[in-house]
file work19.cif (mmCIF, C-alpha atoms)
data_entry
#
loop_
_atom_site.label_atom_id
_atom_site.label_comp_id
_atom_site.auth_asym_id
_atom_site.auth_seq_id
_atom_site.Cartn_x
_atom_site.Cartn_y
_atom_site.Cartn_z
CA MET A 169 99.11 54.00 105.73
CA MET A 170 96.28 54.41 103.25
CA HIS A 171 94.71 57.79 102.61
CA PRO A 172 92.53 58.26 105.71
CA GLY A 173 88.82 57.98 105.55
CA ARG A 174 86.10 57.47 108.10
CA GLY A 175 87.47 55.34 110.93
CA ALA A 176 91.10 55.39 109.72
CA GLN A 177 93.94 54.68 112.12
CA LEU A 178 95.61 57.63 113.85
CA PRO A 179 99.07 58.38 112.43
CA LYS A 180 102.05 57.39 114.54
CA SER A 181 104.77 59.30 112.71
CA PHE A 182 105.02 62.66 110.96
CA HIS A 183 107.15 64.75 108.63
CA ILE A 184 106.93 68.56 108.27
CA LYS A 185 108.15 70.44 105.20
CA SER A 186 108.30 74.21 105.71
CA TYR A 187 108.58 76.68 102.82
CA GLY A 188 109.53 80.34 102.83
CA CYS A 189 110.31 82.70 105.67
CA GLN A 190 111.72 82.35 109.18
CA MET A 191 108.21 82.64 110.60
CA ASN A 192 107.30 79.46 108.76
CA ALA A 193 110.43 77.74 110.04
CA TYR A 194 109.41 78.69 113.60
CA ASP A 195 105.84 77.50 113.02
CA GLY A 196 107.18 74.21 111.65
CA GLU A 197 109.28 73.70 114.78
CA ARG A 198 106.29 74.40 117.01
CA MET A 199 104.03 72.03 115.08
CA ALA A 200 106.70 69.33 115.43
CA GLU A 201 106.91 69.92 119.17
CA THR A 202 103.12 69.73 119.42
CA LEU A 203 103.01 66.39 117.62
CA LEU A 204 105.95 64.99 119.59
CA ALA A 205 104.14 65.91 122.81
CA GLN A 206 101.23 63.76 121.61
CA GLY A 207 103.50 60.73 121.23
CA LEU A 208 104.12 60.85 117.47
CA THR A 209 107.65 60.33 116.19
CA ALA A 210 109.47 62.28 113.47
CA ALA A 211 110.18 60.34 110.26
CA ALA A 212 111.43 60.79 106.72
CA ARG A 213 108.84 62.07 104.25
CA ASP A 214 108.58 58.74 102.43
CA GLU A 215 107.97 56.84 105.67
CA ALA A 216 105.73 59.18 107.68
CA ASP A 217 102.04 58.45 108.31
CA LEU A 218 101.34 62.22 108.41
CA VAL A 219 103.00 64.78 106.12
CA VAL A 220 102.48 68.48 106.91
CA LEU A 221 103.14 70.92 104.07
CA ASN A 222 103.74 74.21 105.86
CA THR A 223 103.23 76.62 102.99
CA CYS A 224 104.26 80.16 102.04
CA HIS A 225 102.19 82.48 99.84
CA ILE A 226 104.90 85.02 99.06
CA ARG A 227 106.60 83.07 96.29
CA GLU A 228 105.22 83.03 92.75
CA LYS A 229 102.91 80.15 91.86
CA ALA A 230 102.62 79.01 95.47
CA ARG A 231 99.44 77.01 94.80
CA GLU A 232 101.06 75.17 91.88
CA LYS A 233 104.10 74.30 94.03
CA VAL A 234 101.86 72.85 96.72
CA SER A 235 99.83 70.87 94.19
CA SER A 236 103.04 69.43 92.76
CA ASP A 237 104.26 68.38 96.21
CA ILE A 238 100.90 66.78 96.98
CA GLY A 239 101.17 64.72 93.81
CA ARG A 240 104.66 63.50 94.72
CA LEU A 241 103.41 62.10 98.04
CA ARG A 242 101.71 59.15 96.33
CA ARG A 243 103.56 55.92 97.10
CA PRO A 244 103.86 52.61 95.27
CA GLY A 245 100.68 50.58 95.50
CA GLY A 246 98.48 53.69 95.61
CA GLU A 247 99.14 54.43 99.27
CA THR A 248 99.18 58.03 100.46
CA PRO A 249 99.99 59.40 103.91
CA MET A 250 97.58 61.69 105.70
CA ILE A 251 98.35 65.08 104.13
CA ALA A 252 97.93 68.27 106.12
CA LEU A 253 98.12 71.67 104.45
CA ALA A 254 99.31 74.40 106.83
CA GLY A 255 100.61 77.96 106.58
CA CYS A 256 99.62 80.93 104.45
CA VAL A 257 98.51 79.05 101.33
CA ALA A 258 96.29 76.95 103.60
CA GLN A 259 94.77 80.14 105.01
CA ALA A 260 94.23 81.78 101.62
CA GLU A 261 93.43 78.87 99.33
CA GLY A 262 93.36 75.73 101.47
CA GLU A 263 89.69 74.91 101.14
CA GLU A 264 89.85 75.22 97.34
CA ILE A 265 93.02 73.08 97.19
CA ALA A 266 91.40 70.46 99.42
CA ARG A 267 88.34 70.45 97.14
CA ARG A 268 90.51 69.88 94.08
CA SER A 269 92.89 67.42 95.82
CA PRO A 270 90.95 64.71 97.68
CA SER A 271 94.20 63.37 99.17
CA VAL A 272 94.41 66.48 101.40
CA SER A 273 92.72 65.47 104.65
CA LEU A 274 93.50 68.47 106.80
CA VAL A 275 93.77 72.24 106.31
CA VAL A 276 95.03 74.41 109.17
CA GLY A 277 95.84 78.12 109.04
CA PRO A 278 98.86 79.73 110.74
CA GLN A 279 96.80 80.97 113.67
CA ALA A 280 95.23 77.58 114.44
CA TYR A 281 98.09 75.06 114.30
CA HIS A 282 98.06 74.59 118.08
CA ARG A 283 94.90 72.56 117.40
CA LEU A 284 96.76 70.25 115.02
CA PRO A 285 96.48 67.06 117.17
CA ALA A 286 92.71 67.44 117.49
CA LEU A 287 92.41 68.11 113.76
CA VAL A 288 94.47 65.01 112.96
CA ALA A 289 92.13 62.94 115.12
CA LYS A 290 89.10 64.47 113.41
CA ALA A 291 90.55 63.80 109.95
CA ALA A 292 91.25 60.19 110.89
CA ARG A 293 87.68 59.84 112.14
CA SER A 294 85.77 61.57 109.36
CA GLY A 295 88.22 61.97 106.48
CA ARG A 296 88.40 65.78 106.52
CA ALA A 297 89.23 68.59 108.98
CA ILE A 298 89.55 72.32 108.22
CA ASP A 299 90.42 75.13 110.62
CA THR A 300 91.35 78.55 109.23
CA ASP A 301 90.07 80.67 112.11
CA MET A 302 92.26 83.62 113.03
CA PRO A 303 91.91 84.23 116.77
CA ALA A 304 94.39 86.35 118.73
CA VAL A 305 97.82 84.94 119.54
CA SER A 306 96.34 82.76 122.32
CA LYS A 307 97.67 79.78 120.36
CA PHE A 308 101.05 80.29 122.04
CA GLU A 309 99.54 79.52 125.45
CA ALA A 310 98.33 76.17 124.13
CA LEU A 311 101.67 75.09 122.66
CA PRO A 312 103.98 72.78 124.64
CA PRO A 313 107.11 74.15 126.36
CA ARG A 314 110.25 74.54 124.26
CA ARG A 315 112.51 71.52 124.75
CA ARG A 316 114.67 71.52 121.61
CA ALA A 317 116.87 74.28 120.22
CA GLY A 318 119.89 74.67 118.00
CA PRO A 319 122.64 77.22 118.70
CA SER A 320 120.46 79.89 117.06
CA ALA A 321 116.75 79.73 117.86
CA PHE A 322 113.72 81.57 116.48
CA LEU A 323 111.22 83.13 118.87
CA THR A 324 108.02 84.68 117.50
CA VAL A 325 107.05 87.84 119.40
CA GLN A 326 104.55 89.41 117.00
CA GLU A 327 102.26 88.26 114.21
CA GLY A 328 100.18 89.89 111.52
CA CYS A 329 100.45 93.25 109.84
CA ASP A 330 98.34 96.41 109.60
CA LYS A 331 100.40 98.11 106.87
CA PHE A 332 98.48 96.74 103.83
CA CYS A 333 101.22 97.10 101.24
CA THR A 334 99.41 96.74 97.93
CA TYR A 335 101.43 93.68 96.81
CA CYS A 336 101.25 91.71 100.06
CA VAL A 337 98.89 88.98 101.31
CA VAL A 338 100.13 88.90 104.92
CA PRO A 339 97.26 90.98 106.40
CA TYR A 340 94.84 88.51 104.83
CA THR A 341 96.66 85.28 105.75
CA ARG A 342 98.15 86.22 109.13
CA GLY A 343 95.61 88.80 110.30
CA ALA A 344 95.98 92.08 112.18
CA GLU A 345 99.08 92.95 114.18
CA ALA A 346 99.16 91.24 117.58
CA SER A 347 101.98 91.24 120.13
CA ARG A 348 102.73 88.45 122.58
CA PRO A 349 103.07 89.54 126.24
CA ALA A 350 106.62 90.21 127.39
CA PRO A 351 106.52 87.68 130.30
CA ALA A 352 105.59 84.86 127.89
CA ILE A 353 108.38 85.85 125.50
CA LEU A 354 110.97 85.96 128.28
CA GLU A 355 109.80 82.60 129.59
CA GLU A 356 110.18 81.03 126.15
CA ALA A 357 113.63 82.62 125.77
CA ARG A 358 114.75 81.04 129.05
CA ALA A 359 113.42 77.67 127.90
CA LEU A 360 115.35 78.00 124.64
CA VAL A 361 118.55 78.73 126.55
CA ASP A 362 117.95 75.68 128.73
CA ALA A 363 117.47 73.68 125.52
CA GLY A 364 120.84 74.78 124.14
CA ALA A 365 120.30 78.12 122.34
CA ARG A 366 123.03 80.74 122.49
CA GLU A 367 121.39 83.18 120.06
CA ILE A 368 117.75 84.31 120.10
CA VAL A 369 116.23 85.63 116.85
CA LEU A 370 113.01 87.57 117.48
CA LEU A 371 110.48 87.12 114.69
CA GLY A 372 107.44 88.99 113.45
CA GLN A 373 105.83 89.99 110.18
CA ASN A 374 106.43 93.51 111.51
CA VAL A 375 108.66 92.68 114.46
CA ASN A 376 109.51 96.24 115.42
CA GLY A 377 105.79 96.93 115.68
CA TRP A 378 105.84 94.85 118.90
CA ARG A 379 104.33 96.63 121.88
CA GLY A 380 104.05 95.43 125.47
CA ALA A 381 104.79 96.24 129.09
CA ASP A 382 107.80 95.68 131.34
CA ALA A 383 107.85 94.17 134.84
CA GLU A 384 106.67 97.52 136.29
CA ASP A 385 103.77 97.61 133.79
CA ARG A 386 105.33 100.47 131.85
CA ALA A 387 104.72 100.54 128.09
CA ILE A 388 107.73 99.42 126.07
CA GLY A 389 108.56 98.69 122.45
CA LEU A 390 110.96 96.23 120.88
CA GLY A 391 113.97 98.13 122.26
CA GLY A 392 112.68 97.60 125.78
CA LEU A 393 112.04 93.92 125.12
CA ILE A 394 115.59 93.49 123.81
CA THR A 395 116.91 95.20 126.94
CA ALA A 396 114.94 92.72 129.07
CA LEU A 397 116.27 89.76 127.06
CA ASP A 398 119.79 91.07 127.62
CA THR A 399 119.43 90.27 131.34
CA ILE A 400 118.82 86.54 130.78
CA PRO A 401 121.95 84.47 131.55
CA GLY A 402 123.05 82.27 128.66
CA ILE A 403 121.84 84.50 125.84
CA GLU A 404 124.98 85.55 124.00
CA ARG A 405 123.44 87.05 120.88
CA ILE A 406 120.14 88.77 120.02
CA ARG A 407 118.76 89.48 116.55
CA TYR A 408 115.35 90.44 115.13
CA THR A 409 113.56 90.34 111.78
CA THR A 410 111.62 91.58 109.78
CA SER A 411 111.27 95.31 110.44
CA HIS A 412 109.32 98.15 108.89
CA PRO A 413 111.12 101.48 108.35
CA CYS A 414 108.28 103.45 109.98
CA ASP A 415 108.62 101.51 113.24
CA MET A 416 112.31 102.14 113.90
CA THR A 417 111.65 103.97 117.16
CA ASP A 418 114.13 105.98 119.23
CA ASP A 419 114.36 103.26 121.90
CA LEU A 420 115.08 100.56 119.32
CA ILE A 421 117.78 102.65 117.67
CA ARG A 422 119.31 103.36 121.10
CA ALA A 423 119.36 99.62 121.82
CA HIS A 424 121.68 99.14 118.86
CA GLY A 425 124.18 101.41 120.58
CA GLU A 426 123.64 100.27 124.17
CA VAL A 427 122.93 96.52 124.17
CA GLU A 428 126.20 94.74 123.48
CA ARG A 429 124.57 91.40 122.76
CA LEU A 430 122.28 92.91 120.09
CA MET A 431 124.19 91.99 116.96
CA PRO A 432 125.21 94.70 114.46
CA PHE A 433 122.78 93.57 111.78
CA LEU A 434 119.54 95.18 110.64
CA HIS A 435 117.15 93.78 108.06
CA LEU A 436 115.12 96.80 106.96
CA PRO A 437 113.27 96.35 103.64
CA VAL A 438 112.88 99.40 101.41
CA GLN A 439 111.41 97.53 98.36
CA SER A 440 112.11 100.35 95.86
CA GLY A 441 114.31 103.41 95.46
CA SER A 442 111.51 105.39 93.79
CA ASP A 443 109.15 107.53 95.86
CA ARG A 444 106.50 107.15 93.16
CA ILE A 445 106.62 103.37 93.35
CA LEU A 446 106.78 103.38 97.16
CA LYS A 447 103.57 105.40 97.19
CA ALA A 448 101.92 102.95 94.80
CA MET A 449 103.07 100.14 97.10
CA ASN A 450 101.53 101.96 100.11
CA ARG A 451 104.83 101.62 101.94
CA SER A 452 104.26 104.75 104.13
CA HIS A 453 107.92 105.77 103.95
CA ASP A 454 109.90 107.49 101.24
CA VAL A 455 113.51 107.23 100.17
CA GLY A 456 114.54 110.24 102.23
CA SER A 457 113.02 109.01 105.49
CA TYR A 458 114.48 105.54 104.90
CA SER A 459 117.98 106.93 104.34
CA ARG A 460 117.70 109.12 107.44
CA THR A 461 116.71 106.09 109.53
CA ILE A 462 119.74 104.16 108.32
CA ALA A 463 121.94 107.16 109.15
CA ARG A 464 120.53 107.32 112.70
CA VAL A 465 121.26 103.65 113.27
CA ARG A 466 124.78 103.99 111.89
CA ALA A 467 125.34 106.96 114.20
CA VAL A 468 124.98 104.68 117.23
CA ARG A 469 126.55 101.55 115.66
CA SER A 470 128.95 102.48 112.89
CA ASP A 471 129.77 98.91 111.84
CA ILE A 472 126.18 97.75 111.44
CA ALA A 473 125.38 95.53 108.46
CA ILE A 474 122.25 96.57 106.57
CA SER A 475 120.08 94.02 104.80
CA GLY A 476 117.01 94.71 102.69
CA ASP A 477 114.28 93.46 100.37
CA PHE A 478 113.58 94.67 96.82
CA ILE A 479 110.81 94.09 94.30
CA THR A 480 111.50 94.72 90.62
CA GLY A 481 108.82 95.15 87.99
CA PHE A 482 106.09 96.52 90.23
CA PRO A 483 103.17 97.74 88.05
CA GLY A 484 104.06 101.05 86.42
CA GLU A 485 107.79 100.88 87.24
CA SER A 486 109.63 102.99 84.66
CA ASP A 487 113.28 102.86 83.68
CA ALA A 488 113.85 105.92 85.87
CA ASP A 489 112.16 104.25 88.84
CA PHE A 490 114.38 101.21 88.44
CA GLU A 491 117.53 103.33 88.13
CA ALA A 492 116.52 104.99 91.42
CA THR A 493 116.45 101.54 93.02
CA LEU A 494 119.98 100.83 91.78
CA GLY A 495 120.92 104.21 93.26
CA ILE A 496 119.73 103.40 96.76
CA VAL A 497 121.49 100.02 96.67
CA ARG A 498 124.78 101.82 96.09
CA GLU A 499 123.97 104.64 98.53
CA ILE A 500 123.20 102.32 101.45
CA GLY A 501 125.86 99.71 100.62
CA TYR A 502 123.86 96.63 101.61
CA ALA A 503 125.72 93.77 103.27
CA GLN A 504 123.09 91.48 101.78
CA ALA A 505 119.61 91.76 100.33
CA TYR A 506 116.76 89.67 98.96
CA SER A 507 115.38 90.61 95.57
CA PHE A 508 112.34 89.32 93.69
CA LYS A 509 110.36 89.91 90.54
CA TYR A 510 106.89 91.25 91.27
CA SER A 511 104.25 88.53 91.15
CA ALA A 512 100.56 89.27 91.53
CA ARG A 513 98.93 87.83 94.61
CA PRO A 514 95.19 87.23 94.10
CA GLY A 515 93.06 89.69 96.03
CA THR A 516 95.77 92.32 96.53
CA PRO A 517 95.28 95.83 95.05
CA ALA A 518 98.45 95.64 92.95
CA ALA A 519 97.14 92.60 91.09
CA ALA A 520 94.44 94.80 89.52
CA MET A 521 96.70 97.78 88.71
CA ASP A 522 97.26 98.96 85.16
CA HIS A 523 100.67 98.92 83.47
CA GLN A 524 101.80 95.44 84.51
CA ILE A 525 105.43 94.96 83.50
CA ASP A 526 106.53 92.55 80.78
CA PRO A 527 108.10 89.42 82.37
CA ALA A 528 111.21 89.64 80.19
CA LEU A 529 111.84 93.22 81.34
CA MET A 530 111.32 92.17 84.97
CA GLU A 531 113.89 89.41 84.49
CA GLU A 532 116.42 91.83 83.02
CA ARG A 533 115.91 94.33 85.84
CA LEU A 534 116.23 91.60 88.47
CA ARG A 535 119.53 90.47 86.93
CA ARG A 536 120.92 94.01 87.03
CA LEU A 537 119.66 94.55 90.57
CA GLN A 538 121.25 91.35 91.81
CA MET A 539 124.55 92.33 90.20
CA ALA A 540 124.45 95.66 92.06
CA ILE A 541 123.61 93.95 95.36
CA GLY A 542 126.40 91.44 94.73
CA GLU A 543 128.90 94.29 94.37
CA THR A 544 127.95 95.94 97.67
CA GLN A 545 127.84 92.58 99.46
CA LYS A 546 131.30 91.66 98.18
CA ALA A 547 132.64 95.04 99.30
CA PHE A 548 131.17 94.60 102.78
CA ASN A 549 132.67 91.12 103.08
CA GLN A 550 136.08 92.34 101.90
CA ASN A 551 136.10 94.91 104.69
CA VAL A 552 136.13 92.10 107.25
CA VAL A 553 139.23 90.40 105.80
CA GLY A 554 142.19 90.79 108.16
CA ARG A 555 139.98 91.28 111.22
CA ARG A 556 139.54 89.03 114.21
CA THR A 557 135.96 88.38 115.20
CA ALA A 558 133.76 85.82 116.90
CA ILE A 559 131.55 83.26 115.22
CA LEU A 560 128.75 81.17 116.70
CA VAL A 561 129.35 77.61 115.49
CA GLU A 562 126.08 76.29 114.01
CA ARG A 563 126.88 73.17 111.98
CA PRO A 564 129.66 70.93 110.66
CA GLY A 565 131.36 71.94 107.42
CA LYS A 566 131.66 69.91 104.24
CA ARG A 567 135.15 68.65 105.09
CA PRO A 568 136.25 66.64 108.16
CA GLY A 569 137.37 68.96 110.93
CA GLN A 570 135.59 71.96 109.46
CA VAL A 571 132.80 73.91 111.16
CA ILE A 572 130.55 76.73 109.96
CA GLY A 573 129.31 79.65 112.00
CA ARG A 574 128.16 83.24 111.62
CA THR A 575 129.90 86.48 112.43
CA PRO A 576 128.08 89.26 114.27
CA TRP A 577 127.26 90.66 110.80
CA MET A 578 125.53 87.40 109.73
CA GLN A 579 128.27 86.25 107.36
CA SER A 580 128.60 82.50 107.03
CA THR A 581 132.20 81.57 107.91
CA HIS A 582 133.98 78.23 107.56
CA VAL A 583 137.02 77.36 109.66
CA GLU A 584 139.08 74.32 110.65
CA SER A 585 138.27 73.74 114.32
CA GLU A 586 137.33 71.10 116.87
CA ALA A 587 134.73 73.45 118.36
CA ALA A 588 131.35 71.97 119.23
CA MET A 589 128.01 73.20 117.90
CA GLY A 590 126.98 76.20 119.99
CA ASP A 591 130.53 77.29 120.84
CA ILE A 592 131.53 80.88 120.22
CA ILE A 593 135.09 81.00 118.93
CA HIS A 594 137.41 83.73 117.75
CA VAL A 595 138.63 83.56 114.17
CA ASP A 596 140.92 85.58 111.95
CA ILE A 597 139.19 86.26 108.63
CA LEU A 598 141.50 85.26 105.77
CA ALA A 599 139.37 85.58 102.64
CA ALA A 600 135.95 86.70 101.46
CA GLY A 601 133.75 85.34 98.72
CA PRO A 602 130.44 86.78 97.52
CA ASN A 603 128.40 84.77 100.03
CA SER A 604 130.79 83.55 102.75
CA LEU A 605 134.09 84.04 104.56
CA ALA A 606 137.06 81.79 105.26
CA GLY A 607 138.72 82.01 108.65
CA ARG A 608 141.41 80.52 110.86
CA ALA A 609 140.79 79.74 114.52
CA ALA A 610 142.63 82.24 116.71
CA ALA A 611 144.90 80.64 119.27
CA VAL A 612 144.56 83.49 121.79
CA PRO A 613 141.56 85.85 121.45
CA SER A 614 142.53 89.49 121.19
CA MET A 615 139.54 91.26 122.68
CA GLU A 616 140.51 94.67 121.40
CA GLN A 617 140.35 93.23 117.87
CA ALA A 618 137.30 91.02 118.34
CA ALA A 619 133.85 92.34 117.50
#

call {"tool": "encode", "arguments": {"input": "work19.cif", "output": "structure tokens"}}
result
Amino acid sequence: MMHPGRGAQLPKSFHIKSYGCQMNAYDGERMAETLLAQGLTAAARDEADLVVLNTCHIREKAREKVSSDIGRLRRPGGETPMIALAGCVAQAEGEEIARRSPSVSLVVGPQAYHRLPALVAKAARSGRAIDTDMPAVSKFEALPPRRRAGPSAFLTVQEGCDKFCTYCVVPYTRGAEASRPAPAILEEARALVDAGAREIVLLGQNVNGWRGADAEDRAIGLGGLITALDTIPGIERIRYTTSHPCDMTDDLIRAHGEVERLMPFLHLPVQSGSDRILKAMNRSHDVGSYSRTIARVRAVRSDIAISGDFITGFPGESDADFEATLGIVREIGYAQAYSFKYSARPGTPAAAMDHQIDPALMEERLRRLQMAIGETQKAFNQNVVGRRTAILVERPGKRPGQVIGRTPWMQSTHVESEAAMGDIIHVDILAAGPNSLAGRAAAVPSMEQAA
């Protein structure tokens, strides 16, 4: 298909490439379902009439990455598919990218992708369509029912953020915090179970900021929503991400001790171990309050795995600030964590701060931080060796007869088994590497040993 212009043919096939976070993965799935409902078929990137680049603005040089991918979509003979730019880069910089890249026919922000079919039709008609409006989460009502799901399925419950961390673009690209109604969330969860999901992963930019009402119209938070999900037959596991330390409410912490199907895993970003840097980041928590929150969660679920996010090289970060970050890594004992060098996002307050850190120093600090995280992650994994636990089988392994699944603590585990995708099987953990476990299928589950 040639690059669409006025009167071009509507695309019949599509390909979606999603970058970045779980929210983008969910949005990519929903866009695919929307296009499938309109009669389009999924295709490989090199064969699709429509290619959707579902972008992320968190990573460094996001615009350059998108521009590079746009350039690679040119095909022999000068043909180009219809290119749609979606996601956070589309929201923040999409109109400028479309101006500089004439092959981009369509720009759609993360709050408007339910209108993707109409925008595709408009782009085919007139050569260009742009929609970066940010209405409330009404888009979910316009999306088709869930009909496809893997063993573990994402479910967005909340979007946007009101925290305004000084390094972050989310409030500008995703908008203010908005929570989906509980009945709609529960309905989508049931549909995902019917489509094959065994595990539901609740998503939000600030997921534990979710607020709603129960069936008796009483105000509830995320803990109450998890309790309601726990009543749905077929849901075997519940997880949620990403959380803010200031929104770990009493009811959510209690849920970790009371709801058996809520997995013992908590992703709770701290970003820095220095109170001075946390204040400059506008994180609204300090190291002491963060540590106390972790202690409260561990008091109700002693085996919980803690995950986090860290930024090194934030403007003004001193050697002492960085050493404090290494200190909290060792104090908490993270089971896993994501770590990044600070990169300035245009329009954020941190981008204009004095005392930007030399890139070589950032690189050195990141290397040391990742070594420290690797040590705590390895120690956590080693503690599981010799135990019997359950894994949810998610995909085939690299070798014939091998499957890969995740433990309750989110560790990827490979085992020789004839289990089908979506089965929950008991395994004895034999060995631990830095990023995964090796197990043996247990002939007879021992429930007093299983987690």

call {"tool": "closest_residue", "arguments": {"input": "work19.cif", "among": "A:Ala252, A:Ala346, A:Met521, A:Ile421", "to": "Ser186 of chain A", "atoms": "only C-alpha atoms"}}
result
A:Ala252

call {"tool": "closest_residue", "arguments": {"input": "work19.cif", "among": "A:Val561, A:Ala606, A:Ala505, A:Leu221", "to": "Lys233 of chain A", "atoms": "all atoms listed in the file"}}
result
A:Leu221

call {"tool": "atom_distance", "arguments": {"input": "work19.cif", "atom1": "atom CA of Asn222 of chain A", "atom2": "atom CA of Tyr194 of chain A"}}
result
10.6 Å

call {"tool": "atom_distance", "arguments": {"input": "work19.cif", "atom1": "atom CA of Glu491 of chain A", "atom2": "atom CA of Met449 of chain A"}}
result
17.3 Å

call {"tool": "resolve_selection", "arguments": {"input": "work19.cif", "expression": "the PyMOL selection byres ((chain A and resi 282-286) around 7)", "output": "list in words"}}
result
Leu203, Ala280, Tyr281, Leu287, Val288, Ala289, Lys290, Lys307, Ala310 and Leu311 of chain A

call {"tool": "closest_atom_pairs", "arguments": {"input": "work19.cif", "of": "segment 318-433 of chain A", "to": "segment 256-271 of chain A", "cutoff": "10 Å", "atoms": "only C-alpha atoms", "output": "Markdown table"}}
result
| residue | atom | partner | partner_atom | distance |
| --- | --- | --- | --- | --- |
| A:Val337 | CA | A:Ala260 | CA | 8.6 |
| A:Val338 | CA | A:Cys256 | CA | 8.0 |
| A:Tyr340 | CA | A:Ala260 | CA | 7.5 |
| A:Thr341 | CA | A:Cys256 | CA | 5.4 |
| A:Arg342 | CA | A:Cys256 | CA | 7.2 |

call {"tool": "closest_residue", "arguments": {"input": "work19.cif", "among": "A:Pro349, A:Gly601, A:Pro576, A:Gly328", "to": "Leu434 of chain A", "atoms": "only C-alpha atoms"}}
result
A:Pro576

call {"tool": "atom_distance", "arguments": {"input": "work19.cif", "atom1": "atom CA of Thr300 of chain A", "atom2": "atom CA of Val219 of chain A"}}
result
18.3 Å

call {"tool": "resolve_selection", "arguments": {"input": "work19.cif", "expression": "the PyMOL selection byres ((chain A and resi 529) around 12)", "output": "ChimeraX atom specification"}}
result
/A:480-483,485-487,490,509-510,524-528,530-536

call {"tool": "residues_around", "arguments": {"input": "work19.cif", "residues": "Val468 of chain A", "least_positions_apart": "5", "cutoff": "8 Å", "atoms": "all atoms listed in the file", "output": "NGL selection string"}}
result
:A and (421-422 or 424-425)

call {"tool": "resolve_selection", "arguments": {"input": "work19.cif", "expression": "the PyMOL selection byres ((chain A and resi 332) around 12)", "output": "list in words"}}
result
Gly328, Cys329, Asp330, Lys331, Cys333, Thr334, Tyr335, Cys336, Val337, Val338, Pro339, Tyr340, Thr341, Arg342, Gly343, Ala344, Glu345, Gln373, Asn374, Ala448, Met449, Asn450, Arg451, Ser452, Gly515, Thr516, Pro517 and Ala518 of chain A

call {"tool": "closest_residue", "arguments": {"input": "work19.cif", "among": "A:Arg513, A:Leu397, A:Gly554, A:Met578", "to": "Ala473 of chain A", "atoms": "only C-alpha atoms"}}
result
A:Met578

call {"tool": "decode", "arguments": {"input": "work19.cif", "residues": "segment 178-191 of chain A", "atoms": "N, CA and C atoms", "output": "mmCIF file, in the first residue's frame"}}
result
data_model
loop_
_atom_site.group_PDB
_atom_site.id
_atom_site.type_symbol
_atom_site.label_atom_id
_atom_site.label_comp_id
_atom_site.auth_asym_id
_atom_site.auth_seq_id
_atom_site.Cartn_x
_atom_site.Cartn_y
_atom_site.Cartn_z
ATOM 1 N N LEU A 178 -8.666 2.179 2.314
ATOM 2 C CA LEU A 178 -8.594 1.856 3.735
ATOM 3 C C LEU A 178 -7.690 0.647 3.947
ATOM 4 N N PRO A 179 -6.868 0.656 4.993
ATOM 5 C CA PRO A 179 -6.015 -0.511 5.257
ATOM 6 C C PRO A 179 -6.848 -1.727 5.652
ATOM 7 N N LYS A 180 -6.331 -2.894 5.290
ATOM 8 C CA LYS A 180 -7.005 -4.142 5.622
ATOM 9 C C LYS A 180 -6.254 -4.950 6.677
ATOM 10 N N SER A 181 -5.022 -4.592 6.932
ATOM 11 C CA SER A 181 -4.229 -5.311 7.924
ATOM 12 C C SER A 181 -3.442 -4.307 8.753
ATOM 13 N N PHE A 182 -2.999 -4.743 9.933
ATOM 14 C CA PHE A 182 -2.299 -3.824 10.840
ATOM 15 C C PHE A 182 -1.222 -4.562 11.617
ATOM 16 N N HIS A 183 -0.287 -3.763 12.130
ATOM 17 C CA HIS A 183 0.741 -4.255 13.046
ATOM 18 C C HIS A 183 0.958 -3.181 14.106
ATOM 19 N N ILE A 184 1.022 -3.579 15.375
ATOM 20 C CA ILE A 184 1.229 -2.625 16.475
ATOM 21 C C ILE A 184 2.539 -2.955 17.183
ATOM 22 N N LYS A 185 3.405 -1.960 17.307
ATOM 23 C CA LYS A 185 4.637 -2.092 18.072
ATOM 24 C C LYS A 185 4.533 -1.204 19.301
ATOM 25 N N SER A 186 4.554 -1.827 20.485
ATOM 26 C CA SER A 186 4.442 -1.074 21.734
ATOM 27 C C SER A 186 5.789 -0.999 22.427
ATOM 28 N N TYR A 187 6.144 0.193 22.889
ATOM 29 C CA TYR A 187 7.386 0.435 23.622
ATOM 30 C C TYR A 187 7.043 0.634 25.103
ATOM 31 N N GLY A 188 8.020 0.370 25.971
ATOM 32 C CA GLY A 188 7.929 0.874 27.338
ATOM 33 C C GLY A 188 7.125 0.027 28.302
ATOM 34 N N CYS A 189 6.270 0.681 29.066
ATOM 35 C CA CYS A 189 5.685 0.125 30.279
ATOM 36 C C CYS A 189 4.515 -0.815 30.012
ATOM 37 N N GLN A 190 4.018 -1.432 31.107
ATOM 38 C CA GLN A 190 2.879 -2.331 31.004
ATOM 39 C C GLN A 190 1.623 -1.610 30.538
ATOM 40 N N MET A 191 1.494 -0.327 30.901
ATOM 41 C CA MET A 191 0.337 0.441 30.443
ATOM 42 C C MET A 191 0.318 0.514 28.925
#
